[in-house]
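*Asks:* So here's upload-v9.pdb, just PDB, C-alpha atoms:
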```pdb
ATOM      1  CA  MET A   1     111.300 160.441  57.431  1.00  0.00           C
ATOM      2  CA  ASN A   2     114.142 160.924  59.915  1.00  0.00           C
ATOM      3  CA  ILE A   3     114.448 163.688  62.515  1.00  0.00           C
ATOM      4  CA  ASN A   4     116.752 165.868  60.379  1.00  0.00           C
ATOM      5  CA  GLU A   5     114.324 165.718  57.453  1.00  0.00           C
ATOM      6  CA  LEU A   6     111.505 166.666  59.802  1.00  0.00           C
ATOM      7  CA  ILE A   7     113.473 169.638  61.153  1.00  0.00           C
ATOM      8  CA  ARG A   8     114.322 170.760  57.613  1.00  0.00           C
ATOM      9  CA  GLN A   9     110.621 170.709  56.721  1.00  0.00           C
ATOM     10  CA  ILE A  10     109.817 172.805  59.786  1.00  0.00           C
ATOM     11  CA  GLN A  11     112.607 175.255  58.929  1.00  0.00           C
ATOM     12  CA  THR A  12     111.343 175.511  55.349  1.00  0.00           C
ATOM     13  CA  GLU A  13     107.796 176.190  56.555  1.00  0.00           C
ATOM     14  CA  LEU A  14     109.034 178.863  58.990  1.00  0.00           C
ATOM     15  CA  ASN A  15     111.256 180.438  56.285  1.00  0.00           C
ATOM     16  CA  ILE A  16     114.501 180.270  58.265  1.00  0.00           C
ATOM     17  CA  ASP A  17     117.977 178.874  57.529  1.00  0.00           C
ATOM     18  CA  ILE A  18     117.670 175.215  56.579  1.00  0.00           C
ATOM     19  CA  ASP A  19     120.348 173.064  58.200  1.00  0.00           C
ATOM     20  CA  GLY A  20     118.361 170.239  59.806  1.00  0.00           C
ATOM     21  CA  LYS A  21     119.518 171.238  63.294  1.00  0.00           C
ATOM     22  CA  PRO A  22     117.163 172.631  65.959  1.00  0.00           C
ATOM     23  CA  GLY A  23     119.302 175.566  67.089  1.00  0.00           C
ATOM     24  CA  PRO A  24     118.292 178.872  68.729  1.00  0.00           C
ATOM     25  CA  GLN A  25     116.974 180.370  65.470  1.00  0.00           C
ATOM     26  CA  THR A  26     114.693 177.383  64.885  1.00  0.00           C
ATOM     27  CA  TRP A  27     113.359 177.279  68.439  1.00  0.00           C
ATOM     28  CA  THR A  28     112.782 181.043  68.467  1.00  0.00           C
ATOM     29  CA  ALA A  29     110.813 180.811  65.212  1.00  0.00           C
ATOM     30  CA  ILE A  30     108.785 177.879  66.549  1.00  0.00           C
ATOM     31  CA  TYR A  31     108.079 179.760  69.778  1.00  0.00           C
ATOM     32  CA  GLN A  32     106.894 182.832  67.884  1.00  0.00           C
ATOM     33  CA  TYR A  33     104.734 180.657  65.639  1.00  0.00           C
ATOM     34  CA  ILE A  34     103.147 178.995  68.677  1.00  0.00           C
ATOM     35  CA  LEU A  35     102.273 182.318  70.295  1.00  0.00           C
ATOM     36  CA  LYS A  36     100.778 183.539  67.041  1.00  0.00           C
ATOM     37  CA  ASN A  37      98.806 180.396  66.241  1.00  0.00           C
ATOM     38  CA  LYS A  38      98.056 179.093  69.745  1.00  0.00           C
ATOM     39  CA  VAL A  39      99.258 175.553  69.016  1.00  0.00           C
ATOM     40  CA  LYS A  40     101.755 173.477  70.905  1.00  0.00           C
ATOM     41  CA  PRO A  41     104.925 172.127  69.283  1.00  0.00           C
ATOM     42  CA  SER A  42     105.227 168.406  68.932  1.00  0.00           C
ATOM     43  CA  LEU A  43     106.596 165.604  66.836  1.00  0.00           C
ATOM     44  CA  SER A  44     103.087 164.964  65.606  1.00  0.00           C
ATOM     45  CA  ALA A  45     101.771 161.424  65.736  1.00  0.00           C
ATOM     46  CA  ASP A  46     100.483 162.077  62.203  1.00  0.00           C
ATOM     47  CA  ILE A  47     104.068 162.146  60.925  1.00  0.00           C
ATOM     48  CA  LYS A  48     105.714 158.741  60.633  1.00  0.00           C
ATOM     49  CA  LEU A  49     109.376 158.835  61.594  1.00  0.00           C
ATOM     50  CA  ASP A  50     111.577 155.992  60.353  1.00  0.00           C
ATOM     51  CA  GLU A  51     111.335 152.978  62.639  1.00  0.00           C
ATOM     52  CA  VAL A  52     114.343 151.984  64.712  1.00  0.00           C
ATOM     53  CA  ASP A  53     115.611 148.619  65.980  1.00  0.00           C
ATOM     54  CA  THR A  54     113.174 145.797  66.731  1.00  0.00           C
ATOM     55  CA  ARG A  55     113.637 145.813  70.502  1.00  0.00           C
ATOM     56  CA  SER A  56     113.014 149.552  70.693  1.00  0.00           C
ATOM     57  CA  GLU A  57     109.982 149.345  68.416  1.00  0.00           C
ATOM     58  CA  GLU A  58     108.394 146.658  70.619  1.00  0.00           C
ATOM     59  CA  ASN A  59     108.544 149.068  73.570  1.00  0.00           C
ATOM     60  CA  ILE A  60     107.707 152.192  71.552  1.00  0.00           C
ATOM     61  CA  GLU A  61     104.574 150.520  70.212  1.00  0.00           C
ATOM     62  CA  LEU A  62     103.109 150.452  73.742  1.00  0.00           C
ATOM     63  CA  LEU A  63     103.620 154.199  74.305  1.00  0.00           C
ATOM     64  CA  LEU A  64     100.893 156.732  73.646  1.00  0.00           C
ATOM     65  CA  PRO A  65     100.836 157.930  70.017  1.00  0.00           C
ATOM     66  CA  GLU A  66     101.967 161.412  71.121  1.00  0.00           C
ATOM     67  CA  VAL A  67     105.142 159.956  72.667  1.00  0.00           C
ATOM     68  CA  LYS A  68     106.206 157.434  70.006  1.00  0.00           C
ATOM     69  CA  ASN A  69     107.917 159.857  67.632  1.00  0.00           C
ATOM     70  CA  TYR A  70     109.870 161.430  70.492  1.00  0.00           C
ATOM     71  CA  ALA A  71     111.316 158.031  71.385  1.00  0.00           C
ATOM     72  CA  ARG A  72     112.193 157.290  67.758  1.00  0.00           C
ATOM     73  CA  ALA A  73     113.671 160.752  67.282  1.00  0.00           C
ATOM     74  CA  LEU A  74     115.921 160.269  70.311  1.00  0.00           C
ATOM     75  CA  VAL A  75     117.252 156.965  68.954  1.00  0.00           C
ATOM     76  CA  HIS A  76     117.918 158.619  65.576  1.00  0.00           C
ATOM     77  CA  LYS A  77     119.626 161.684  67.108  1.00  0.00           C
ATOM     78  CA  ALA A  78     121.926 159.517  69.212  1.00  0.00           C
ATOM     79  CA  ASN A  79     122.769 157.356  66.218  1.00  0.00           C
ATOM     80  CA  GLU A  80     123.722 160.440  64.193  1.00  0.00           C
ATOM     81  CA  VAL A  81     126.553 161.165  66.648  1.00  0.00           C
ATOM     82  CA  GLY A  82     127.667 157.546  66.937  1.00  0.00           C
ATOM     83  CA  ILE A  83     125.831 156.602  70.135  1.00  0.00           C
ATOM     84  CA  THR A  84     123.767 153.423  69.995  1.00  0.00           C
ATOM     85  CA  ILE A  85     120.737 153.446  72.258  1.00  0.00           C
ATOM     86  CA  LYS A  86     117.666 151.261  72.487  1.00  0.00           C
ATOM     87  CA  VAL A  87     114.332 151.841  74.178  1.00  0.00           C
ATOM     88  CA  ILE A  88     114.405 149.055  76.756  1.00  0.00           C
ATOM     89  CA  SER A  89     111.286 149.896  78.767  1.00  0.00           C
ATOM     90  CA  GLY A  90     108.035 151.719  78.111  1.00  0.00           C
ATOM     91  CA  LEU A  91     104.543 151.104  79.425  1.00  0.00           C
ATOM     92  CA  ARG A  92     104.177 149.226  82.704  1.00  0.00           C
ATOM     93  CA  THR A  93     100.848 148.195  84.195  1.00  0.00           C
ATOM     94  CA  TYR A  94     100.111 148.968  87.830  1.00  0.00           C
ATOM     95  CA  ALA A  95     100.700 145.265  88.615  1.00  0.00           C
ATOM     96  CA  GLU A  96     104.058 145.256  86.823  1.00  0.00           C
ATOM     97  CA  GLN A  97     105.035 148.416  88.698  1.00  0.00           C
ATOM     98  CA  ASP A  98     104.044 146.857  92.035  1.00  0.00           C
ATOM     99  CA  ALA A  99     106.167 143.791  91.198  1.00  0.00           C
ATOM    100  CA  LEU A 100     109.157 146.036  90.504  1.00  0.00           C
ATOM    101  CA  TYR A 101     108.524 147.932  93.732  1.00  0.00           C
ATOM    102  CA  ALA A 102     108.501 144.652  95.685  1.00  0.00           C
ATOM    103  CA  GLN A 103     111.957 143.775  94.379  1.00  0.00           C
ATOM    104  CA  GLY A 104     114.481 144.330  97.156  1.00  0.00           C
ATOM    105  CA  ARG A 105     111.668 144.762  99.669  1.00  0.00           C
ATOM    106  CA  THR A 106     109.367 141.749  99.878  1.00  0.00           C
ATOM    107  CA  LYS A 107     111.064 139.907  97.007  1.00  0.00           C
ATOM    108  CA  SER A 108     114.697 139.070  96.331  1.00  0.00           C
ATOM    109  CA  GLY A 109     116.921 141.393  94.325  1.00  0.00           C
ATOM    110  CA  GLU A 110     118.040 144.996  94.496  1.00  0.00           C
ATOM    111  CA  ILE A 111     115.678 147.940  94.852  1.00  0.00           C
ATOM    112  CA  VAL A 112     115.101 149.351  91.372  1.00  0.00           C
ATOM    113  CA  THR A 113     112.246 151.811  91.932  1.00  0.00           C
ATOM    114  CA  ASN A 114     110.643 153.901  94.638  1.00  0.00           C
ATOM    115  CA  ALA A 115     107.319 154.073  92.791  1.00  0.00           C
ATOM    116  CA  LYS A 116     104.343 151.807  93.445  1.00  0.00           C
ATOM    117  CA  GLY A 117     101.698 151.137  90.814  1.00  0.00           C
ATOM    118  CA  GLY A 118     100.071 154.393  89.734  1.00  0.00           C
ATOM    119  CA  TYR A 119     103.017 156.471  90.934  1.00  0.00           C
ATOM    120  CA  SER A 120     105.277 156.074  87.899  1.00  0.00           C
ATOM    121  CA  ASN A 121     104.891 157.907  84.603  1.00  0.00           C
ATOM    122  CA  HIS A 122     105.576 154.553  82.926  1.00  0.00           C
ATOM    123  CA  ASN A 123     102.107 153.453  84.092  1.00  0.00           C
ATOM    124  CA  PHE A 124     100.533 156.001  81.742  1.00  0.00           C
ATOM    125  CA  ALA A 125     102.600 155.290  78.593  1.00  0.00           C
ATOM    126  CA  ILE A 126     104.222 158.733  78.595  1.00  0.00           C
ATOM    127  CA  ALA A 127     107.664 157.575  79.768  1.00  0.00           C
ATOM    128  CA  PHE A 128     110.391 155.294  78.489  1.00  0.00           C
ATOM    129  CA  ASP A 129     113.866 154.162  79.498  1.00  0.00           C
ATOM    130  CA  ILE A 130     116.823 153.812  77.165  1.00  0.00           C
ATOM    131  CA  GLY A 131     119.971 151.733  77.344  1.00  0.00           C
ATOM    132  CA  VAL A 132     123.332 152.650  75.854  1.00  0.00           C
ATOM    133  CA  PHE A 133     124.977 149.856  73.885  1.00  0.00           C
ATOM    134  CA  GLU A 134     128.392 149.166  72.432  1.00  0.00           C
ATOM    135  CA  GLY A 135     127.787 146.467  69.866  1.00  0.00           C
ATOM    136  CA  ASN A 136     125.479 144.045  71.676  1.00  0.00           C
ATOM    137  CA  LYS A 137     126.816 144.982  75.103  1.00  0.00           C
ATOM    138  CA  TYR A 138     124.490 146.956  77.361  1.00  0.00           C
ATOM    139  CA  LEU A 139     126.225 149.673  79.384  1.00  0.00           C
ATOM    140  CA  ALA A 140     124.517 150.298  82.713  1.00  0.00           C
ATOM    141  CA  GLU A 141     126.827 153.248  83.297  1.00  0.00           C
ATOM    142  CA  SER A 142     128.342 155.515  80.676  1.00  0.00           C
ATOM    143  CA  ALA A 143     129.036 159.210  80.136  1.00  0.00           C
ATOM    144  CA  LYS A 144     126.977 158.804  76.970  1.00  0.00           C
ATOM    145  CA  TYR A 145     123.781 158.880  79.047  1.00  0.00           C
ATOM    146  CA  LYS A 146     124.401 162.569  79.751  1.00  0.00           C
ATOM    147  CA  ALA A 147     124.932 163.274  76.055  1.00  0.00           C
ATOM    148  CA  VAL A 148     121.672 161.495  75.214  1.00  0.00           C
ATOM    149  CA  GLY A 149     119.981 163.381  78.049  1.00  0.00           C
ATOM    150  CA  ALA A 150     120.894 166.691  76.420  1.00  0.00           C
ATOM    151  CA  MET A 151     119.481 165.416  73.124  1.00  0.00           C
ATOM    152  CA  GLY A 152     116.223 164.448  74.809  1.00  0.00           C
ATOM    153  CA  ILE A 153     115.855 167.850  76.428  1.00  0.00           C
ATOM    154  CA  ASP A 154     116.574 169.424  73.037  1.00  0.00           C
ATOM    155  CA  LEU A 155     113.650 167.441  71.610  1.00  0.00           C
ATOM    156  CA  GLY A 156     111.324 168.648  74.355  1.00  0.00           C
ATOM    157  CA  LEU A 157     111.427 165.612  76.642  1.00  0.00           C
ATOM    158  CA  GLU A 158     111.944 165.660  80.393  1.00  0.00           C
ATOM    159  CA  TRP A 159     115.090 163.784  81.396  1.00  0.00           C
ATOM    160  CA  GLY A 160     115.408 161.846  84.646  1.00  0.00           C
ATOM    161  CA  GLY A 161     119.086 162.759  84.816  1.00  0.00           C
ATOM    162  CA  SER A 162     118.182 166.360  85.618  1.00  0.00           C
ATOM    163  CA  TRP A 163     115.995 165.469  88.587  1.00  0.00           C
ATOM    164  CA  LYS A 164     117.107 166.778  91.972  1.00  0.00           C
ATOM    165  CA  THR A 165     116.202 163.855  94.233  1.00  0.00           C
ATOM    166  CA  ILE A 166     116.261 160.521  92.406  1.00  0.00           C
ATOM    167  CA  ILE A 167     118.556 160.820  89.389  1.00  0.00           C
ATOM    168  CA  ASP A 168     117.473 158.423  86.641  1.00  0.00           C
ATOM    169  CA  GLN A 169     119.652 158.979  83.569  1.00  0.00           C
ATOM    170  CA  PRO A 170     118.000 156.335  81.331  1.00  0.00           C
ATOM    171  CA  HIS A 171     114.528 157.865  81.893  1.00  0.00           C
ATOM    172  CA  PHE A 172     112.658 160.211  79.540  1.00  0.00           C
ATOM    173  CA  GLN A 173     109.053 161.381  79.573  1.00  0.00           C
ATOM    174  CA  LEU A 174     106.737 163.717  77.700  1.00  0.00           C
ATOM    175  CA  ARG A 175     104.839 166.069  79.991  1.00  0.00           C
ATOM    176  CA  PRO A 176     101.293 166.921  78.863  1.00  0.00           C
ATOM    177  CA  VAL A 177     100.605 170.611  78.317  1.00  0.00           C
ATOM    178  CA  TRP A 178      98.009 170.673  81.112  1.00  0.00           C
ATOM    179  CA  ALA A 179     100.762 169.612  83.555  1.00  0.00           C
ATOM    180  CA  ILE A 180     103.353 172.251  82.629  1.00  0.00           C
ATOM    181  CA  ASP A 181     102.928 174.179  85.891  1.00  0.00           C
ATOM    182  CA  MET A 182     102.382 171.118  88.094  1.00  0.00           C
ATOM    183  CA  ASN A 183     104.945 169.389  90.263  1.00  0.00           C
ATOM    184  CA  SER A 184     105.475 165.647  89.832  1.00  0.00           C
ATOM    185  CA  SER A 185     103.035 164.654  92.594  1.00  0.00           C
ATOM    186  CA  GLN A 186     100.277 166.840  91.201  1.00  0.00           C
ATOM    187  CA  MET A 187     100.813 165.524  87.685  1.00  0.00           C
ATOM    188  CA  LEU A 188     100.766 161.897  88.840  1.00  0.00           C
ATOM    189  CA  ALA A 189      97.556 162.507  90.807  1.00  0.00           C
ATOM    190  CA  GLU A 190      95.889 163.877  87.683  1.00  0.00           C
ATOM    191  CA  LEU A 191      97.268 161.011  85.584  1.00  0.00           C
ATOM    192  CA  ARG A 192      95.775 158.474  88.022  1.00  0.00           C
ATOM    193  CA  LYS A 193      92.446 160.306  87.903  1.00  0.00           C
ATOM    194  CA  ARG A 194      92.398 160.352  84.094  1.00  0.00           C
ATOM    195  CA  HIS A 195      93.441 156.708  83.961  1.00  0.00           C
ATOM    196  CA  ALA A 196      90.635 155.709  86.331  1.00  0.00           C
ATOM    197  CA  ILE A 197      87.905 157.418  84.314  1.00  0.00           C
ATOM    198  CA  GLY A 198      89.342 156.695  80.881  1.00  0.00           C
ATOM    199  CA  LYS A 199      90.088 160.339  80.081  1.00  0.00           C
ATOM    200  CA  ALA A 200      92.741 161.079  77.445  1.00  0.00           C
ATOM    201  CA  ILE A 201      96.211 161.967  78.706  1.00  0.00           C
ATOM    202  CA  PHE A 202      96.968 164.394  75.871  1.00  0.00           C
TER
END
```
What would the structure in this file look like if it were written as structure tokens?

*Replies:*
Amino acid sequence: MNINELIRQIQTELNIDIDGKPGPQTWTAIYQYILKNKVKPSLSADIKLDEVDTRSEENIELLLPEVKNYARALVHKANEVGITIKVISGLRTYAEQDALYAQGRTKSGEIVTNAKGGYSNHNFAIAFDIGVFEGNKYLAESAKYKAVGAMGIDLGLEWGGSWKTIIDQPHFQLRPVWAIDMNSSQMLAELRKRHAIGKAIF
């Protein structure tokens, strides 16, 4: 099942115009359904979206089940408008995050992150980074990142390109419902706490 088929099924269930596009009518109907039924919208982990390229799937597989379909859906949506993206990073352990943080500080290379282990959403398998490609060529910079960012927001993801301080256009993450009213620091503190005691993120 691809993302358009999924949207068509939702539109059919909600008895609204069926076009496979999540426009204002669809989101309004979903919102009203949520208020009525007290459930949160999601690309359910129970639904299996079509897999994407091998490199992306290797990284998607390490994400939490609740996040996997969002990553696949973003790759599919971009592909539908002629933009090739791949999920190039997903889960990072605290140790892997600390190694990245050391780069450009205590190790050679350029600084690539301001987050130590436990202070990145990647450490909790709710975040992933994408790369834009033309053929096999990775584009570190491209206007296409903004287009993909809009698609991610449309799906319900948070996009690093809309952040006010550190802009991170390749970055996407799925915020848990319990963290909706939290700022980033508060959410990360709760994520660390849940991680430490083995409590579910979603």

*Asks:* Measuring between only C-alpha atoms, which one of A:Glu80, A:Glu158, A:Glu58, A:Glu190 shows the shortest distance to Tyr119 (chain A)?

*Replies:* A:Glu190

*Asks:* Name the closest residue to Trp27 (chain A) among the candidates A:Asp129, A:Gly82, A:Leu155, A:Gly135; distances are taken between atoms, counting only C-alpha atoms.

*Replies:*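 Using only C-alpha atoms, Trp27 (chain A) sits closest to A:Leu155.
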
*Asks:* Quick one, how far is CA of Arg175 (chain A) from CA of Leu157 (chain A)?

*Replies:* 7.4 Å

*Asks:* Please report the interatomic distance between CA of Ile126 (chain A) and CA of Gln173 (chain A) in Å with one decimal.

*Replies:*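 Those two atoms sit 5.6 Å apart.
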
*Asks:* Hey, which of A:Thr106, A:Asn121, A:Ser89, A:Asn2 ends up closest to Arg72 (chain A)? Count all atoms listed in the file.

*Replies:* A:Asn2

*Asks:* Take the PyMOL selection byres ((chain A and resi 84) around 8), apply it to the structure above, and return the hits as a PDB file with C-alpha atoms, in the frame of the given file.

*Replies:*
```pdb
ATOM      1  CA  VAL A  75     117.252 156.965  68.954  1.00  0.00           C
ATOM      2  CA  ALA A  78     121.926 159.517  69.212  1.00  0.00           C
ATOM      3  CA  ASN A  79     122.769 157.356  66.218  1.00  0.00           C
ATOM      4  CA  GLY A  82     127.667 157.546  66.937  1.00  0.00           C
ATOM      5  CA  ILE A  83     125.831 156.602  70.135  1.00  0.00           C
ATOM      6  CA  ILE A  85     120.737 153.446  72.258  1.00  0.00           C
ATOM      7  CA  LYS A  86     117.666 151.261  72.487  1.00  0.00           C
ATOM      8  CA  VAL A 132     123.332 152.650  75.854  1.00  0.00           C
ATOM      9  CA  PHE A 133     124.977 149.856  73.885  1.00  0.00           C
ATOM     10  CA  GLU A 134     128.392 149.166  72.432  1.00  0.00           C
TER      11      GLU A 134
END
```

*Asks:* Excluding Phe128 (chain A) and any residue of its chain fewer than 5 positions from it, enumerate the residues within 10 Å of it, using all atoms listed in the file, and give them as a list in words.

*Replies:*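 Residues near the query, excluding close chain neighbours: Asn59, Ile60, Leu62, Leu63, Val67, Lys68, Ala71, Val87, Ile88, Ser89, Gly90, Leu91, Arg92, Asn121, His122, Pro170, His171, Phe172, Gln173 and Leu174 of chain A.
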
*Asks:* Given the PyMOL selection byres ((chain A and resi 187) around 12) and the file above, list the residues it selects as a PyMOL selection string.

*Replies:* chain A and resi 118-121+124+126+174-186+188-194+201

*Asks:* Can I get the selection written as a PDB file, in the coordinates of the input, with C-alpha atoms?

*Replies:*
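Just written: result.pdb:
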```
ATOM      1  CA  GLY A 118     100.071 154.393  89.734  1.00  0.00           C
ATOM      2  CA  TYR A 119     103.017 156.471  90.934  1.00  0.00           C
ATOM      3  CA  SER A 120     105.277 156.074  87.899  1.00  0.00           C
ATOM      4  CA  ASN A 121     104.891 157.907  84.603  1.00  0.00           C
ATOM      5  CA  PHE A 124     100.533 156.001  81.742  1.00  0.00           C
ATOM      6  CA  ILE A 126     104.222 158.733  78.595  1.00  0.00           C
ATOM      7  CA  LEU A 174     106.737 163.717  77.700  1.00  0.00           C
ATOM      8  CA  ARG A 175     104.839 166.069  79.991  1.00  0.00           C
ATOM      9  CA  PRO A 176     101.293 166.921  78.863  1.00  0.00           C
ATOM     10  CA  VAL A 177     100.605 170.611  78.317  1.00  0.00           C
ATOM     11  CA  TRP A 178      98.009 170.673  81.112  1.00  0.00           C
ATOM     12  CA  ALA A 179     100.762 169.612  83.555  1.00  0.00           C
ATOM     13  CA  ILE A 180     103.353 172.251  82.629  1.00  0.00           C
ATOM     14  CA  ASP A 181     102.928 174.179  85.891  1.00  0.00           C
ATOM     15  CA  MET A 182     102.382 171.118  88.094  1.00  0.00           C
ATOM     16  CA  ASN A 183     104.945 169.389  90.263  1.00  0.00           C
ATOM     17  CA  SER A 184     105.475 165.647  89.832  1.00  0.00           C
ATOM     18  CA  SER A 185     103.035 164.654  92.594  1.00  0.00           C
ATOM     19  CA  GLN A 186     100.277 166.840  91.201  1.00  0.00           C
ATOM     20  CA  LEU A 188     100.766 161.897  88.840  1.00  0.00           C
ATOM     21  CA  ALA A 189      97.556 162.507  90.807  1.00  0.00           C
ATOM     22  CA  GLU A 190      95.889 163.877  87.683  1.00  0.00           C
ATOM     23  CA  LEU A 191      97.268 161.011  85.584  1.00  0.00           C
ATOM     24  CA  ARG A 192      95.775 158.474  88.022  1.00  0.00           C
ATOM     25  CA  LYS A 193      92.446 160.306  87.903  1.00  0.00           C
ATOM     26  CA  ARG A 194      92.398 160.352  84.094  1.00  0.00           C
ATOM     27  CA  ILE A 201      96.211 161.967  78.706  1.00  0.00           C
TER      28      ILE A 201
END
```

*Asks:* For a test of reading the model, state the distance in Å between CA of Gly149 (chain A) and CA of Gln169 (chain A), rounded to one decimal.

*Replies:*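 Calculated distance between CA of Gly149 (chain A) and CA of Gln169 (chain A) is 7.1 Å.
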
*Asks:* Using only C-alpha atoms, which protein or nucleic acid residues come within 10 Å of Ala95 (chain A)? Drop anything in the same chain fewer than 6 positions from it, and give the result as a list in words.

*Replies:*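 Once the adjacent positions are removed, what remains is Tyr101, Lys116, Gly117, Gly118 and Asn123 of chain A.
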
*Asks:* Evaluate the PyMOL selection byres ((chain A and resi 52) around 8) against this structure - the residues, as JSON, numbers by chain, please.

*Replies:* {"A": [50, 51, 53, 54, 56, 57, 72, 75, 76]}
